[in-house]
Amino acid sequence: MLNRFARISFLVAALSAQGLAPAAPRNLDAPLPVGKQVKVGKLDNGLTYYIQRNRMPEHKLELRLVVKAGSILEDDDQQGLAHFTEHMAFNGSRHFKKHELVSYLQSIGVKFGADLNAYTSFDETVYILPVPSDRKEDLDKAFLVLEDWAHGLTLTDADIDKERDIVLEEARLGKGAGDRMQKVLMPKIYNGSRYADRLPIGQEDVIRNFRPETLRRFYRDWYRPDLMAVVAVGDIDPAKAEQMIRRHFSGLKNPAPERPRDYAPIPARTDSEALVVTDKEAGPASILIRYPVRPFRERETLRGYREQLVEALFGGMLNQRLQELSQLPSPPFLGAGSALSRLTPRYRSYNAMAALGMNGATVAIDALVQENERARRFGFTAAELDRMKKTMMRTYERAWNERDKTDSAAHAAELMRNFLEGESIPGIEAEYRYVNDMLPGISLDEINAYAARTIPADSGKLVIYTGSTKAEDNVPIPTGDQMLAAIAAAEKRDVSAHDEKAVAAHLMDQPPAPGKIVAEERDEALGLTKFTLSNGVKVILKPTTFRNDQVLMSAARYGGQSLFDDKDMFNARYADTIVAAMGLKDFSPLDMRKVLAGKAASVSAGLGNNTDVVAGVAGATDVETMLQMVWLKFAGVRRDEDLYKSFIGKQMELARNRMSQPGALFGDTVLATLYNNNPRAPRALRPEDIGKIDLDRAIAIYRQRFSSAKDLTFIFVGSFDVAAIRPLVATYLGSLPTPDIPTAYRDLGIRPVAGVVKREVRSGTEDRSTVSLTFTGPGDVSELEELRLAALTEVMNLRILDVLREKLGLIYGGGMEGSMTRIPYSHYTVGVTLPTGPQNVDKVLKAMFAEIERMRTEGPSQADLDKVKTNWMQNYRKSMQENAYWLAALQTSLTEGTDPGTLLTFDQEVQKLTVADVRRAALRYLNTENYVQVVLNPESKAGDKTGNRAEATASTAGKPDKQG
Ligand SMILES: [Zn+2]
């Protein structure tokens, strides 16, 4: 099935007006056919394959090796080895010696990051390999890589031993409050099932000490053709792909004897139980009510498809109601959701969860349970269903409109779900037809009956509170008994039917008096049409065929927060978010959703550090709606004290909670050190800052900037027709007010410290450290210099991977990034972040500076530079077919006053880059006499186990279940 509705919401598109042929009656219980776009086959040894030709992007093939085996299949002495095996796939195989594989893939433009191309979970291990498809030898070698992963890993003792440190570093990254709390929660959530003992990262003592044969046993038992699928989606002849799959995978054999591939059962809970789990470094407090698990298999019939539509409509409406509650002035929770959700491939459960605010746990429980009860007893209203249907219809229409413009990776993900979970794959043509047929016939009665039987009334439930040990004075941590009592009370309470407030049918009653297009010119090379409007506002139009149903827009000018004095710092920083949180004109944000049901359009207007920015996105037929929203961003500021209070409450919770995170103090220290405690330097919001925010002053600041469209140029890129958009921009942009306001930025004098400055921060209880280096300085910014700096950071990242990770085993992830900025003065920033263990900090620093010194004296190897160039050329080829890339490039050149034509010659500039260029960039931008070094270390020294180590503490209430 198409992504179960929610998964495709990222597609931006619009309504296509033409109807489809009326449907013939269907047998609802017939199995859903596999769409003709995909070829599904099975080899004699049981290996499944999927082949789909797709030309988005061109010259690229997305390959997946999907193994239906994960940590759940590990024996007790193998805990962590499903994941370890995945690491070993990059450490030597029959046709690729250790390191050759990664190096070869890099040489054809595939970028290898920390596990970027593989993952392991409870029930599956997936290898992801996107390759260029234009050269036959690359293609053949790519299938050879997959074949080696499937049955050709070398798994030598030495290679395994070498990888232990890297996997342990990866395990270190996962440590902290979340991990400590999860260990307490897992046995309860999985109700004694094997899942609770098989977290994919495994056990550290196993990772450290397992015998290599134990890992080989896992590979032998579970990497077998009857548990595998090869997925090939992309710009390739399907017959050729099938040939290669047969050639490479027919020789695989299943082991004898075969161990049964079972799915671990999860017993359904029968009694209610409450669990309070706290940790001093815990994230924001939340509650989860989990109802008993239900066995689940995908329903591969039309009837099943229809049920999924009902489910999605129900979930959409219920969650909209919960969101409504979160926007009350004193909301019962900051956010909440309730749904029947997937727990494992074989089980689902009904859940209700909420992020807690000032009103605490019992109030949130009361609201959650009541809202579910209301839906269970009274169902929904016709207006709610009508809106949700429009929204759903639109989502499918967008997907259908983009049917030939959908990325191969998205198709590959769908085919993987078919293999792993049995999700149907009829194809978007068929799905769009089904939805058109079925949606009108789904009645309110049917939805309400579904709600009545799906929302659990009084079954055994698990109620979990998670939060910080340090409770706020006025929001005490609840006890388990209090939570259970709150649920029981809420279930008994009288609820009444939902009260639906009517909302106006249109954003604007009538359009504003239009302006005129007073000048027009063409840029043939870039395919641009440029207008000047009668109020001075300018427009640049770039129609494209990259997508069928997407229009992107942006406009920027100088000004922003820089124009406001220190006392208004926080008002200026939050002015745009505060105004957006209150809606537009007469509409609250929730009213906006109602008015916009079935339309795809959104707009934001904001104050950056030095710029004012307007941005928008719309489906092809919703450009007018988007422009109306732009118009209202200038003329329709809405003041709503309740929504403001709700917004401020949320920020306060987030700011308070952030302070208990080990990373917060570290991040603040890096910035404070770098900018020598300049109060205007960027940093995260703290609780004490919130008192400095004033609603009316924030609105006034927003109005100062957005009461005038002076000096704005609106750029449009996407699927639109220039003739059709002309009257719209004349009407909505030509009528914007343009009184005189300052449109230059102000240099606030924020400058980094000079020389070498070093700091240490002590925070956090786990044995975790992070090394941060920041190199900054003035520089002559040009596109060529930016390119050289980017090449420098890319080749440095290759070295960090090769040396710090693979050779020395000091880190799992981390790396370098760089940027150059002209505003408010020309300068560069290069940052390095390397998480590691406290005992390795000095080694990491030494290795990092050795690599920097090497780059400064020798430059990169030609091979490394070529890898970077090849990867860039492939990205460039793809990006030139993307609206967002064009929009960003046009916007940057306009703001910075550079030639947009360089967009067309990027590839030539890349080809000209030399080793000497990069070496010179290293000398310039990795200046070892001018940098800031901040190291995060744990509160207590390594090895001191008796210090103030944090522990997740748990208390329970209720009758514990019989565990299965
Ligand atoms: Zn890993």
# chains A, B, ... in the order shown; residues from 1 in each chain; ligands from 1
call {"tool": "closest_atom_pairs", "arguments": {"of": "chain A", "to": "ligand 1", "cutoff": "9 Å", "atoms": "only C-alpha atoms and all ligand atoms", "output": "Markdown table"}}
result
| residue | atom | partner | partner_atom_place_in_ligand_line | distance |
| --- | --- | --- | --- | --- |
| A:His83 | CA | ligand 1 | 1 (Zn) | 6.2 |
| A:Phe84 | CA | ligand 1 | 1 (Zn) | 7.1 |
| A:Glu86 | CA | ligand 1 | 1 (Zn) | 7.2 |
| A:His87 | CA | ligand 1 | 1 (Zn) | 6.0 |
| A:Ala114 | CA | ligand 1 | 1 (Zn) | 7.2 |
| A:Asp115 | CA | ligand 1 | 1 (Zn) | 5.5 |
| A:Ala118 | CA | ligand 1 | 1 (Zn) | 8.0 |
| A:Tyr119 | CA | ligand 1 | 1 (Zn) | 7.0 |
| A:Thr120 | CA | ligand 1 | 1 (Zn) | 7.7 |
| A:Ile166 | CA | ligand 1 | 1 (Zn) | 8.3 |
| A:Val167 | CA | ligand 1 | 1 (Zn) | 6.2 |
| A:Glu170 | CA | ligand 1 | 1 (Zn) | 6.3 |
| A:Ala171 | CA | ligand 1 | 1 (Zn) | 8.4 |
| A:Ile201 | CA | ligand 1 | 1 (Zn) | 7.9 |
| A:Tyr812 | CA | ligand 1 | 1 (Zn) | 8.2 |
call {"tool": "write_last_selection", "arguments": {"atoms": "N, CA and C atoms", "output": "compact mmCIF listing (two decimals), in the first residue's frame"}}
result
# COMPACT_ATOMS: atom_id res chain seq x y z
N HIS A 83 24.12 -6.74 14.81
CA HIS A 83 24.64 -5.42 14.45
C HIS A 83 26.13 -5.48 14.12
N PHE A 84 26.88 -6.28 14.89
CA PHE A 84 28.31 -6.41 14.64
C PHE A 84 28.55 -7.01 13.24
N GLU A 86 26.71 -6.62 10.67
CA GLU A 86 26.49 -5.53 9.70
C GLU A 86 27.77 -4.69 9.55
N HIS A 87 28.45 -4.42 10.67
CA HIS A 87 29.72 -3.68 10.57
C HIS A 87 30.75 -4.46 9.76
N ALA A 114 28.98 7.13 8.94
CA ALA A 114 28.79 6.21 10.03
C ALA A 114 27.48 5.45 9.81
N ASP A 115 27.60 4.21 9.39
CA ASP A 115 26.42 3.35 9.15
C ASP A 115 25.40 3.97 8.21
N ALA A 118 23.72 1.11 6.08
CA ALA A 118 23.22 -0.14 6.62
C ALA A 118 22.59 0.11 7.98
N TYR A 119 21.60 -0.70 8.35
CA TYR A 119 21.09 -0.63 9.71
C TYR A 119 20.61 -2.00 10.17
N THR A 120 20.62 -2.16 11.49
CA THR A 120 20.17 -3.42 12.09
C THR A 120 19.09 -3.11 13.09
N ILE A 166 35.29 0.12 17.63
CA ILE A 166 34.39 1.02 16.90
C ILE A 166 32.94 0.79 17.34
N VAL A 167 32.57 -0.48 17.48
CA VAL A 167 31.20 -0.79 17.91
C VAL A 167 30.99 -0.31 19.35
N GLU A 170 30.32 3.24 19.24
CA GLU A 170 28.93 3.47 18.83
C GLU A 170 28.00 3.28 20.02
N ALA A 171 28.27 2.23 20.82
CA ALA A 171 27.45 1.98 22.00
C ALA A 171 27.54 3.16 22.97
N ILE A 201 21.84 -2.95 19.93
CA ILE A 201 23.23 -2.60 20.27
C ILE A 201 23.86 -3.70 21.13
N TYR A 812 33.38 6.64 16.62
CA TYR A 812 32.41 5.97 15.74
C TYR A 812 31.96 6.96 14.66
call {"tool": "residues_around", "arguments": {"residues": "stretch 782-790 of chain A", "least_positions_apart": "5", "cutoff": "9 Å", "atoms": "only C-alpha atoms", "output": "PDB file with all heavy atoms, in the first residue's frame"}}
result
ATOM      1  N   VAL A 795      37.669  16.202   2.193  1.00  0.00           N
ATOM      2  CA  VAL A 795      38.825  15.295   2.233  1.00  0.00           C
ATOM      3  C   VAL A 795      39.265  15.056   3.678  1.00  0.00           C
ATOM      4  O   VAL A 795      39.699  13.946   4.024  1.00  0.00           O
ATOM      5  CB  VAL A 795      40.022  15.778   1.371  1.00  0.00           C
ATOM      6  CG1 VAL A 795      39.669  15.750  -0.098  1.00  0.00           C
ATOM      7  CG2 VAL A 795      40.518  17.135   1.798  1.00  0.00           C
ATOM      8  N   GLU A 817      33.059  20.421   9.480  1.00  0.00           N
ATOM      9  CA  GLU A 817      32.252  21.163   8.511  1.00  0.00           C
ATOM     10  C   GLU A 817      32.706  22.607   8.470  1.00  0.00           C
ATOM     11  O   GLU A 817      33.264  23.125   9.430  1.00  0.00           O
ATOM     12  CB  GLU A 817      30.765  21.057   8.816  1.00  0.00           C
ATOM     13  CG  GLU A 817      30.399  21.465  10.214  1.00  0.00           C
ATOM     14  CD  GLU A 817      28.918  21.235  10.504  1.00  0.00           C
ATOM     15  OE1 GLU A 817      28.300  20.396   9.839  1.00  0.00           O
ATOM     16  OE2 GLU A 817      28.407  21.917  11.392  1.00  0.00           O
ATOM     17  N   GLY A 818      32.493  23.245   7.342  1.00  0.00           N
ATOM     18  CA  GLY A 818      32.974  24.611   7.191  1.00  0.00           C
ATOM     19  C   GLY A 818      31.980  25.484   6.469  1.00  0.00           C
ATOM     20  O   GLY A 818      31.105  24.996   5.759  1.00  0.00           O
ATOM     21  N   SER A 819      32.085  26.808   6.681  1.00  0.00           N
ATOM     22  CA  SER A 819      31.214  27.726   5.951  1.00  0.00           C
ATOM     23  C   SER A 819      31.897  29.078   5.831  1.00  0.00           C
ATOM     24  O   SER A 819      32.796  29.406   6.606  1.00  0.00           O
ATOM     25  CB  SER A 819      29.882  27.883   6.682  1.00  0.00           C
ATOM     26  OG  SER A 819      30.094  28.494   7.928  1.00  0.00           O
ATOM     27  N   MET A 820      31.472  29.843   4.829  1.00  0.00           N
ATOM     28  CA  MET A 820      31.974  31.210   4.664  1.00  0.00           C
ATOM     29  C   MET A 820      30.772  32.134   4.585  1.00  0.00           C
ATOM     30  O   MET A 820      29.744  31.773   4.025  1.00  0.00           O
ATOM     31  CB  MET A 820      32.782  31.329   3.383  1.00  0.00           C
ATOM     32  CG  MET A 820      33.976  30.396   3.354  1.00  0.00           C
ATOM     33  SD  MET A 820      35.099  30.765   2.000  1.00  0.00           S
ATOM     34  CE  MET A 820      36.225  31.867   2.827  1.00  0.00           C
ATOM     35  N   ARG A 822      29.541  36.415   4.174  1.00  0.00           N
ATOM     36  CA  ARG A 822      29.925  37.798   3.872  1.00  0.00           C
ATOM     37  C   ARG A 822      29.337  38.788   4.868  1.00  0.00           C
ATOM     38  O   ARG A 822      29.797  39.907   4.985  1.00  0.00           O
ATOM     39  CB  ARG A 822      29.399  38.180   2.486  1.00  0.00           C
ATOM     40  CG  ARG A 822      30.147  37.556   1.338  1.00  0.00           C
ATOM     41  CD  ARG A 822      29.567  38.066   0.023  1.00  0.00           C
ATOM     42  NE  ARG A 822      30.341  37.618  -1.121  1.00  0.00           N
ATOM     43  CZ  ARG A 822      30.206  36.430  -1.690  1.00  0.00           C
ATOM     44  NH1 ARG A 822      29.338  35.561  -1.197  1.00  0.00           N
ATOM     45  NH2 ARG A 822      30.938  36.093  -2.727  1.00  0.00           N
ATOM     46  N   TYR A 828      35.315  33.075   7.734  1.00  0.00           N
ATOM     47  CA  TYR A 828      35.063  31.633   7.608  1.00  0.00           C
ATOM     48  C   TYR A 828      34.962  31.018   8.991  1.00  0.00           C
ATOM     49  O   TYR A 828      35.471  31.577   9.974  1.00  0.00           O
ATOM     50  CB  TYR A 828      36.197  30.945   6.822  1.00  0.00           C
ATOM     51  CG  TYR A 828      37.513  30.953   7.558  1.00  0.00           C
ATOM     52  CD1 TYR A 828      37.840  29.935   8.465  1.00  0.00           C
ATOM     53  CD2 TYR A 828      38.423  32.002   7.382  1.00  0.00           C
ATOM     54  CE1 TYR A 828      39.030  29.961   9.164  1.00  0.00           C
ATOM     55  CE2 TYR A 828      39.615  32.033   8.084  1.00  0.00           C
ATOM     56  CZ  TYR A 828      39.917  31.008   8.971  1.00  0.00           C
ATOM     57  OH  TYR A 828      41.084  31.033   9.687  1.00  0.00           O
ATOM     58  N   VAL A 830      35.283  26.929  10.612  1.00  0.00           N
ATOM     59  CA  VAL A 830      35.432  25.486  10.416  1.00  0.00           C
ATOM     60  C   VAL A 830      35.264  24.825  11.777  1.00  0.00           C
ATOM     61  O   VAL A 830      35.976  25.165  12.724  1.00  0.00           O
ATOM     62  CB  VAL A 830      36.819  25.116   9.833  1.00  0.00           C
ATOM     63  CG1 VAL A 830      36.956  23.604   9.701  1.00  0.00           C
ATOM     64  CG2 VAL A 830      37.038  25.789   8.487  1.00  0.00           C
ATOM     65  N   THR A 898      26.065  37.957  -6.211  1.00  0.00           N
ATOM     66  CA  THR A 898      26.982  37.210  -7.084  1.00  0.00           C
ATOM     67  C   THR A 898      26.266  36.811  -8.364  1.00  0.00           C
ATOM     68  O   THR A 898      25.047  36.958  -8.478  1.00  0.00           O
ATOM     69  CB  THR A 898      27.502  35.946  -6.364  1.00  0.00           C
ATOM     70  OG1 THR A 898      26.376  35.191  -5.920  1.00  0.00           O
ATOM     71  CG2 THR A 898      28.344  36.323  -5.169  1.00  0.00           C
ATOM     72  N   THR A 902      26.910  31.102 -12.384  1.00  0.00           N
ATOM     73  CA  THR A 902      27.887  30.089 -11.962  1.00  0.00           C
ATOM     74  C   THR A 902      27.205  28.764 -11.624  1.00  0.00           C
ATOM     75  O   THR A 902      27.857  27.730 -11.573  1.00  0.00           O
ATOM     76  CB  THR A 902      28.683  30.563 -10.730  1.00  0.00           C
ATOM     77  OG1 THR A 902      27.745  30.932  -9.713  1.00  0.00           O
ATOM     78  CG2 THR A 902      29.551  31.748 -11.058  1.00  0.00           C
ATOM     79  N   GLU A 909      34.155  24.222 -12.495  1.00  0.00           N
ATOM     80  CA  GLU A 909      34.957  24.681 -11.366  1.00  0.00           C
ATOM     81  C   GLU A 909      35.437  23.498 -10.531  1.00  0.00           C
ATOM     82  O   GLU A 909      36.564  23.487 -10.045  1.00  0.00           O
ATOM     83  CB  GLU A 909      34.164  25.663 -10.492  1.00  0.00           C
ATOM     84  CG  GLU A 909      33.755  26.953 -11.182  1.00  0.00           C
ATOM     85  CD  GLU A 909      34.949  27.709 -11.759  1.00  0.00           C
ATOM     86  OE1 GLU A 909      36.054  27.616 -11.197  1.00  0.00           O
ATOM     87  OE2 GLU A 909      34.756  28.387 -12.800  1.00  0.00           O
ATOM     88  N   VAL A 910      34.566  22.517 -10.363  1.00  0.00           N
ATOM     89  CA  VAL A 910      34.943  21.339  -9.584  1.00  0.00           C
ATOM     90  C   VAL A 910      36.101  20.616 -10.266  1.00  0.00           C
ATOM     91  O   VAL A 910      37.092  20.247  -9.617  1.00  0.00           O
ATOM     92  CB  VAL A 910      33.737  20.383  -9.418  1.00  0.00           C
ATOM     93  CG1 VAL A 910      34.188  19.043  -8.846  1.00  0.00           C
ATOM     94  CG2 VAL A 910      32.680  21.008  -8.511  1.00  0.00           C
ATOM     95  N   LEU A 913      39.635  21.972  -9.608  1.00  0.00           N
ATOM     96  CA  LEU A 913      40.234  21.924  -8.266  1.00  0.00           C
ATOM     97  C   LEU A 913      41.453  21.010  -8.240  1.00  0.00           C
ATOM     98  O   LEU A 913      41.403  19.896  -8.761  1.00  0.00           O
ATOM     99  CB  LEU A 913      39.224  21.364  -7.264  1.00  0.00           C
ATOM    100  CG  LEU A 913      38.289  22.309  -6.539  1.00  0.00           C
ATOM    101  CD1 LEU A 913      37.355  21.489  -5.654  1.00  0.00           C
ATOM    102  CD2 LEU A 913      39.066  23.305  -5.708  1.00  0.00           C
ATOM    103  N   ASP A 917      45.345  23.468  -4.493  1.00  0.00           N
ATOM    104  CA  ASP A 917      44.275  24.363  -4.026  1.00  0.00           C
ATOM    105  C   ASP A 917      43.836  23.978  -2.616  1.00  0.00           C
ATOM    106  O   ASP A 917      43.630  24.837  -1.757  1.00  0.00           O
ATOM    107  CB  ASP A 917      43.029  24.251  -4.935  1.00  0.00           C
ATOM    108  CG  ASP A 917      43.255  24.883  -6.296  1.00  0.00           C
ATOM    109  OD1 ASP A 917      44.106  25.788  -6.396  1.00  0.00           O
ATOM    110  OD2 ASP A 917      42.569  24.467  -7.253  1.00  0.00           O
ATOM    111  N   VAL A 918      43.643  22.688  -2.419  1.00  0.00           N
ATOM    112  CA  VAL A 918      43.132  22.224  -1.126  1.00  0.00           C
ATOM    113  C   VAL A 918      44.191  22.422  -0.047  1.00  0.00           C
ATOM    114  O   VAL A 918      43.883  22.802   1.082  1.00  0.00           O
ATOM    115  CB  VAL A 918      42.688  20.743  -1.209  1.00  0.00           C
ATOM    116  CG1 VAL A 918      42.217  20.254   0.152  1.00  0.00           C
ATOM    117  CG2 VAL A 918      41.583  20.580  -2.241  1.00  0.00           C
ATOM    118  N   ARG A 920      46.461  24.763   0.008  1.00  0.00           N
ATOM    119  CA  ARG A 920      46.445  26.196   0.337  1.00  0.00           C
ATOM    120  C   ARG A 920      45.247  26.532   1.233  1.00  0.00           C
ATOM    121  O   ARG A 920      45.358  27.324   2.159  1.00  0.00           O
ATOM    122  CB  ARG A 920      46.384  27.040  -0.937  1.00  0.00           C
ATOM    123  CG  ARG A 920      47.775  27.356  -1.507  1.00  0.00           C
ATOM    124  CD  ARG A 920      47.696  28.449  -2.567  1.00  0.00           C
ATOM    125  NE  ARG A 920      46.911  28.043  -3.723  1.00  0.00           N
ATOM    126  CZ  ARG A 920      47.393  27.369  -4.772  1.00  0.00           C
ATOM    127  NH1 ARG A 920      48.674  27.036  -4.809  1.00  0.00           N
ATOM    128  NH2 ARG A 920      46.612  27.018  -5.778  1.00  0.00           N
ATOM    129  N   ALA A 921      44.103  25.893   0.955  1.00  0.00           N
ATOM    130  CA  ALA A 921      42.919  26.122   1.794  1.00  0.00           C
ATOM    131  C   ALA A 921      43.186  25.651   3.224  1.00  0.00           C
ATOM    132  O   ALA A 921      42.786  26.297   4.193  1.00  0.00           O
ATOM    133  CB  ALA A 921      41.712  25.400   1.211  1.00  0.00           C
ATOM    134  N   ALA A 922      43.906  24.534   3.357  1.00  0.00           N
ATOM    135  CA  ALA A 922      44.227  24.027   4.696  1.00  0.00           C
ATOM    136  C   ALA A 922      45.115  25.019   5.440  1.00  0.00           C
ATOM    137  O   ALA A 922      44.932  25.270   6.632  1.00  0.00           O
ATOM    138  CB  ALA A 922      44.908  22.661   4.596  1.00  0.00           C
ATOM    139  N   TYR A 925      42.647  27.979   6.312  1.00  0.00           N
ATOM    140  CA  TYR A 925      41.449  27.804   7.157  1.00  0.00           C
ATOM    141  C   TYR A 925      41.663  26.879   8.355  1.00  0.00           C
ATOM    142  O   TYR A 925      40.806  26.783   9.212  1.00  0.00           O
ATOM    143  CB  TYR A 925      40.281  27.300   6.304  1.00  0.00           C
ATOM    144  CG  TYR A 925      40.010  28.235   5.140  1.00  0.00           C
ATOM    145  CD1 TYR A 925      40.053  27.776   3.820  1.00  0.00           C
ATOM    146  CD2 TYR A 925      39.754  29.588   5.367  1.00  0.00           C
ATOM    147  CE1 TYR A 925      39.841  28.636   2.759  1.00  0.00           C
ATOM    148  CE2 TYR A 925      39.545  30.452   4.311  1.00  0.00           C
ATOM    149  CZ  TYR A 925      39.590  29.978   3.009  1.00  0.00           C
ATOM    150  OH  TYR A 925      39.395  30.834   1.965  1.00  0.00           O
TER     151      TYR A 925
END
call {"tool": "atom_distance", "arguments": {"atom1": "atom CA of A:Gly234", "atom2": "atom CA of A:Met56"}}
result
7.2 Å
call {"tool": "residues_around", "arguments": {"residues": "A:Ile287", "least_positions_apart": "6", "cutoff": "7 Å", "atoms": "only C-alpha atoms", "output": "PyMOL selection string"}}
result
chain A and resi 353-355+361+464-466
call {"tool": "write_last_selection", "arguments": {"atoms": "N, CA and C atoms", "output": "PDB file, in the first residue's frame"}}
result
ATOM      1  N   MET A 353      -0.383   9.166  24.228  1.00  0.00           N
ATOM      2  CA  MET A 353       0.776   9.745  24.895  1.00  0.00           C
ATOM      3  C   MET A 353       0.709  11.266  24.904  1.00  0.00           C
ATOM      4  N   ALA A 354       1.401  11.865  25.888  1.00  0.00           N
ATOM      5  CA  ALA A 354       1.385  13.320  25.969  1.00  0.00           C
ATOM      6  C   ALA A 354       2.702  13.834  26.518  1.00  0.00           C
ATOM      7  N   ALA A 355       3.147  14.959  25.990  1.00  0.00           N
ATOM      8  CA  ALA A 355       4.278  15.692  26.556  1.00  0.00           C
ATOM      9  C   ALA A 355       3.712  16.621  27.617  1.00  0.00           C
ATOM     10  N   ALA A 361       0.979  15.455  35.389  1.00  0.00           N
ATOM     11  CA  ALA A 361       0.603  14.174  34.800  1.00  0.00           C
ATOM     12  C   ALA A 361      -0.884  13.859  34.903  1.00  0.00           C
ATOM     13  N   ILE A 464       2.919   4.837  31.855  1.00  0.00           N
ATOM     14  CA  ILE A 464       4.326   5.140  32.124  1.00  0.00           C
ATOM     15  C   ILE A 464       4.537   6.646  32.233  1.00  0.00           C
ATOM     16  N   TYR A 465       5.191   7.046  33.323  1.00  0.00           N
ATOM     17  CA  TYR A 465       5.641   8.431  33.440  1.00  0.00           C
ATOM     18  C   TYR A 465       7.143   8.419  33.297  1.00  0.00           C
ATOM     19  N   THR A 466       7.693   9.272  32.425  1.00  0.00           N
ATOM     20  CA  THR A 466       9.134   9.435  32.379  1.00  0.00           C
ATOM     21  C   THR A 466       9.449  10.912  32.544  1.00  0.00           C
TER      22      THR A 466
END
call {"tool": "residues_around", "arguments": {"residues": "A:Thr870", "least_positions_apart": "2", "cutoff": "7 Å", "atoms": "only C-alpha atoms", "output": "PDB file with N, CA and C atoms, in the first residue's frame"}}
result
ATOM      1  N   SER A 107      35.117   5.829  -4.694  1.00  0.00           N
ATOM      2  CA  SER A 107      35.678   6.224  -5.989  1.00  0.00           C
ATOM      3  C   SER A 107      34.599   6.330  -7.065  1.00  0.00           C
ATOM      4  N   ILE A 108      33.456   5.646  -6.872  1.00  0.00           N
ATOM      5  CA  ILE A 108      32.375   5.832  -7.849  1.00  0.00           C
ATOM      6  C   ILE A 108      31.330   6.828  -7.329  1.00  0.00           C
ATOM      7  N   GLY A 109      31.684   7.548  -6.265  1.00  0.00           N
ATOM      8  CA  GLY A 109      30.844   8.658  -5.825  1.00  0.00           C
ATOM      9  C   GLY A 109      29.914   8.345  -4.675  1.00  0.00           C
ATOM     10  N   ASP A 866      39.737  13.058  -5.798  1.00  0.00           N
ATOM     11  CA  ASP A 866      38.897  12.527  -6.884  1.00  0.00           C
ATOM     12  C   ASP A 866      37.591  11.937  -6.350  1.00  0.00           C
ATOM     13  N   LYS A 867      37.687  11.275  -5.194  1.00  0.00           N
ATOM     14  CA  LYS A 867      36.463  10.721  -4.581  1.00  0.00           C
ATOM     15  C   LYS A 867      35.462  11.842  -4.306  1.00  0.00           C
ATOM     16  N   VAL A 868      35.968  12.927  -3.734  1.00  0.00           N
ATOM     17  CA  VAL A 868      35.099  14.056  -3.412  1.00  0.00           C
ATOM     18  C   VAL A 868      34.489  14.637  -4.688  1.00  0.00           C
ATOM     19  N   TRP A 872      30.552  14.870  -5.736  1.00  0.00           N
ATOM     20  CA  TRP A 872      29.957  16.175  -6.019  1.00  0.00           C
ATOM     21  C   TRP A 872      29.302  16.217  -7.392  1.00  0.00           C
ATOM     22  N   MET A 873      29.978  15.636  -8.377  1.00  0.00           N
ATOM     23  CA  MET A 873      29.437  15.679  -9.736  1.00  0.00           C
ATOM     24  C   MET A 873      28.095  14.944  -9.799  1.00  0.00           C
ATOM     25  N   GLN A 874      28.038  13.823  -9.052  1.00  0.00           N
ATOM     26  CA  GLN A 874      26.763  13.086  -9.041  1.00  0.00           C
ATOM     27  C   GLN A 874      25.674  13.870  -8.320  1.00  0.00           C
TER      28      GLN A 874
END
call {"tool": "closest_residue", "arguments": {"among": "A:Ala232, A:Glu307, A:Lys692, A:Gly174", "to": "A:Ala412", "atoms": "only C-alpha atoms"}}
result
A:Ala232
call {"tool": "residues_around", "arguments": {"residues": "stretch 312-329 of chain A", "least_positions_apart": "5", "cutoff": "7 Å", "atoms": "only C-alpha atoms", "output": "list of chain:residue names"}}
result
A:Phe5, A:Leu334, A:Gly335, A:Ala336, A:Gly337, A:Ser338, A:Ala339, A:Glu384, A:Met388, A:Ile447, A:Leu590, A:Asp642, A:Leu643, A:Lys645, A:Ser646
call {"tool": "residues_around", "arguments": {"residues": "A:Asp523", "least_positions_apart": "3", "cutoff": "12 Å", "atoms": "only C-alpha atoms", "output": "number ranges by chain"}}
result
A: 520, 526-531, 540-542, 900-901
call {"tool": "select_by_dssp", "arguments": {"residues": "stretch 530-770 of chain A", "states": "alpha helix (DSSP H)", "output": "count of residues only"}}
result
91
